[in-house]
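Just below is one structure, and these are the notes that go with it.
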Amino acid sequence: MRFFRPEPHMIDPTDALPGRPTPMAVADTHLVTGNPMTPPWPEGAISLVVGMGCFWGAERAFWQLEGVWTTAVGYAGGFTPNPTYEEVCSGRTGHTEAVLVVADPALASLTTLLRTFWEGHDPTQGMRQGNDIGTQYRSACWWTDPSQRDAVETSHQRYAEALAAAGRGPVTTEVGPAPTFFYAEDYHQQYLAKNPGGYCGMGGTGVSCPALTA
């Protein structure tokens, strides 16, 4: 007999865990870049918050880019303030695993960040990435400044068209203004730099992101 796991679904806000008022404590500096992981950011820097499945590999994909000033992993898009990893994995917070990226636009433009996002995972899988299943693995791309909206939405549309042309399903990525980003526990920050042999479930579709103008 074959057994089926029920499709994960977003929790109702009234059923979400209460969380806590105190943010998670993180290290003063990024293990790889040596820069702070918390604001303020350098003048002129750009930032983006994305969800690409397991945040360990997603964070590494961005800190490896020239011009990325800092990255951090956390939780966003849900209802529970300052959740723990275990709470997020329970599906009772509504959050997805997220990565905050801060970059020097002269070296790592918004176009570069968006291309890394779209090509670095499969945005057609709903509440999962590969074998990672749950609401915390859903795809999301959130702008942190209204001036980024057109570029984000255009990239969404163009990549959806490219995927459709390649015979892929519809894009399920959440797109919109960035919700509150809650920092994850410090042991998750730069996890694959601390644990080079650690799990990474990252995998793209093999479909290139069309040229953008951001």
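In the structure tokens, chains take letters A, B, ... by order of appearance, with residues numbered from 1 within each chain and ligands from 1 in the order shown.
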
Residues near Val152 (chain A), cut-off 9 Å, only C-alpha atoms, skip fewer than 2 positions along chain, as a PyMOL selection string | chain A and resi 110-111+114+141-143+148-150+154-157+175-176+214

May I have the residues from that selection written out with C-alpha atoms, as a PDB file, in the first residue's frame?
```
ATOM      1  CA  LEU A 110      19.949  43.948  -7.994  1.00  0.00           C
ATOM      2  CA  THR A 111      19.987  42.099 -11.324  1.00  0.00           C
ATOM      3  CA  LEU A 114      17.719  38.331  -8.638  1.00  0.00           C
ATOM      4  CA  CYS A 141      11.339  37.161  -3.108  1.00  0.00           C
ATOM      5  CA  TRP A 142      10.676  40.334  -1.161  1.00  0.00           C
ATOM      6  CA  TRP A 143      11.914  43.825  -1.965  1.00  0.00           C
ATOM      7  CA  GLN A 148      13.013  47.594  -6.354  1.00  0.00           C
ATOM      8  CA  ARG A 149       9.420  46.584  -7.021  1.00  0.00           C
ATOM      9  CA  ASP A 150       9.451  46.819 -10.819  1.00  0.00           C
ATOM     10  CA  THR A 154       9.617  41.878 -13.960  1.00  0.00           C
ATOM     11  CA  SER A 155      12.095  39.163 -13.045  1.00  0.00           C
ATOM     12  CA  HIS A 156       9.224  37.061 -11.704  1.00  0.00           C
ATOM     13  CA  GLN A 157       7.271  37.412 -14.929  1.00  0.00           C
ATOM     14  CA  VAL A 175       6.586  38.349  -4.286  1.00  0.00           C
ATOM     15  CA  GLY A 176       5.999  41.599  -2.430  1.00  0.00           C
ATOM     16  CA  ALA A 214      17.770  46.374 -12.846  1.00  0.00           C
TER      17      ALA A 214
END
```

Would you list the contacts of Val102 (chain A) as a count of residues only, taking every protein, DNA or RNA residue within 12 Å and counting only C-alpha atoms, but skipping same-chain residues closer than 6 positions in sequence?
-> 36

As a short mmCIF file (atom, residue, chain, number, x, y, z; two decimals) with C-alpha atoms, in the first residue's frame, list the residues of region 56-213 of chain A assigned to alpha helix (DSSP H) by DSSP on the backbone atoms of this structure.
```
data_model
loop_
_atom_site.label_atom_id
_atom_site.label_comp_id
_atom_site.auth_asym_id
_atom_site.auth_seq_id
_atom_site.Cartn_x
_atom_site.Cartn_y
_atom_site.Cartn_z
CA TRP A 56 22.05 27.07 4.69
CA GLY A 57 22.85 26.62 1.02
CA ALA A 58 20.90 29.68 -0.04
CA GLU A 59 22.97 31.92 2.20
CA ARG A 60 26.22 30.50 0.83
CA ALA A 61 25.10 31.16 -2.75
CA PHE A 62 24.93 34.87 -1.93
CA TRP A 63 27.97 35.35 0.27
CA TYR A 85 13.98 26.83 14.36
CA GLU A 86 11.94 24.03 15.90
CA GLU A 87 8.84 26.24 15.93
CA VAL A 88 9.26 27.15 12.27
CA CYS A 89 9.76 23.50 11.32
CA LEU A 110 19.95 43.95 -7.99
CA THR A 111 19.99 42.10 -11.32
CA THR A 112 22.79 39.87 -10.06
CA LEU A 113 20.96 39.14 -6.82
CA LEU A 114 17.72 38.33 -8.64
CA ARG A 115 19.43 36.06 -11.13
CA THR A 116 21.14 34.20 -8.29
CA PHE A 117 17.79 33.80 -6.59
CA TRP A 118 15.82 32.52 -9.57
CA GLU A 119 18.50 30.21 -10.96
CA ARG A 149 9.42 46.58 -7.02
CA ASP A 150 9.45 46.82 -10.82
CA ALA A 151 12.69 44.85 -11.10
CA VAL A 152 11.46 42.08 -8.80
CA GLU A 153 8.08 41.79 -10.48
CA THR A 154 9.62 41.88 -13.96
CA SER A 155 12.09 39.16 -13.04
CA HIS A 156 9.22 37.06 -11.70
CA GLN A 157 7.27 37.41 -14.93
CA ARG A 158 10.20 36.76 -17.24
CA TYR A 159 11.43 33.74 -15.36
CA ALA A 160 7.91 32.32 -15.26
CA GLU A 161 7.77 32.68 -19.03
CA ALA A 162 11.17 31.03 -19.43
CA LEU A 163 10.14 28.12 -17.23
CA ALA A 164 6.87 27.69 -19.11
CA ALA A 165 8.78 27.61 -22.40
CA TYR A 191 26.32 27.22 8.67
CA LEU A 192 28.14 25.80 5.65
CA ALA A 193 31.23 27.87 6.42
CA LYS A 194 31.24 26.38 9.93
#
```

Contacts of Ala16 (chain A) within 12 Å, only C-alpha atoms, excl. fewer than 4 positions in-chain, as a count of residues only | 16

Taking into account only C-alpha atoms, which residue in the set A:Gly206, A:Pro21, A:Pro170, A:Gly74 is nearest to Asp186 (chain A)?
->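 Residue with the minimum atom-to-atom distance to Asp186 (chain A): A:Gly74.
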
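When only C-alpha atoms are used to compute distances to Ala184 (chain A), the closest of the residues A:Tyr75, A:Tyr199, A:Phe55, A:Tyr137 turns out to be A:Tyr75.
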
Apply DSSP to the backbone of this structure and, from region 87-203 of chain A, keep only the residues in strand (DSSP E); write these as a PyMOL selection string.
-> chain A and resi 96-103+128-129+132-133+139-143+174-177+182-183

Atomic separation - CA of Gly126 (chain A) relative to CA of Gly197 (chain A), Å =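 Pair CA of Gly197 (chain A) / CA of Gly126 (chain A) returns 27.4 Å.
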
Near-Gly53 (chain A) list (8 Å; only C-alpha atoms; drop same-chain fewer than 2 positions) as a count of residues only | 15

Which value, in Å to one decimal, gives the distance between CA of Tyr183 (chain A) and CA of Thr84 (chain A)?
-> 9.4 Å

Of the candidates A:Val99, A:Val207, A:Val32, A:Met127, which one gets nearest to Gln64 (chain A) if we count only C-alpha atoms?
->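 Looking only at the distances to Gln64 (chain A), the closest residue turns out to be A:Val32.
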
Quote the spacing between CA of Thr135 (chain A) and CA of Glu174 (chain A) in Å to one decimal place.
->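 Separation of CA of Thr135 (chain A) and CA of Glu174 (chain A): 12.0 Å.
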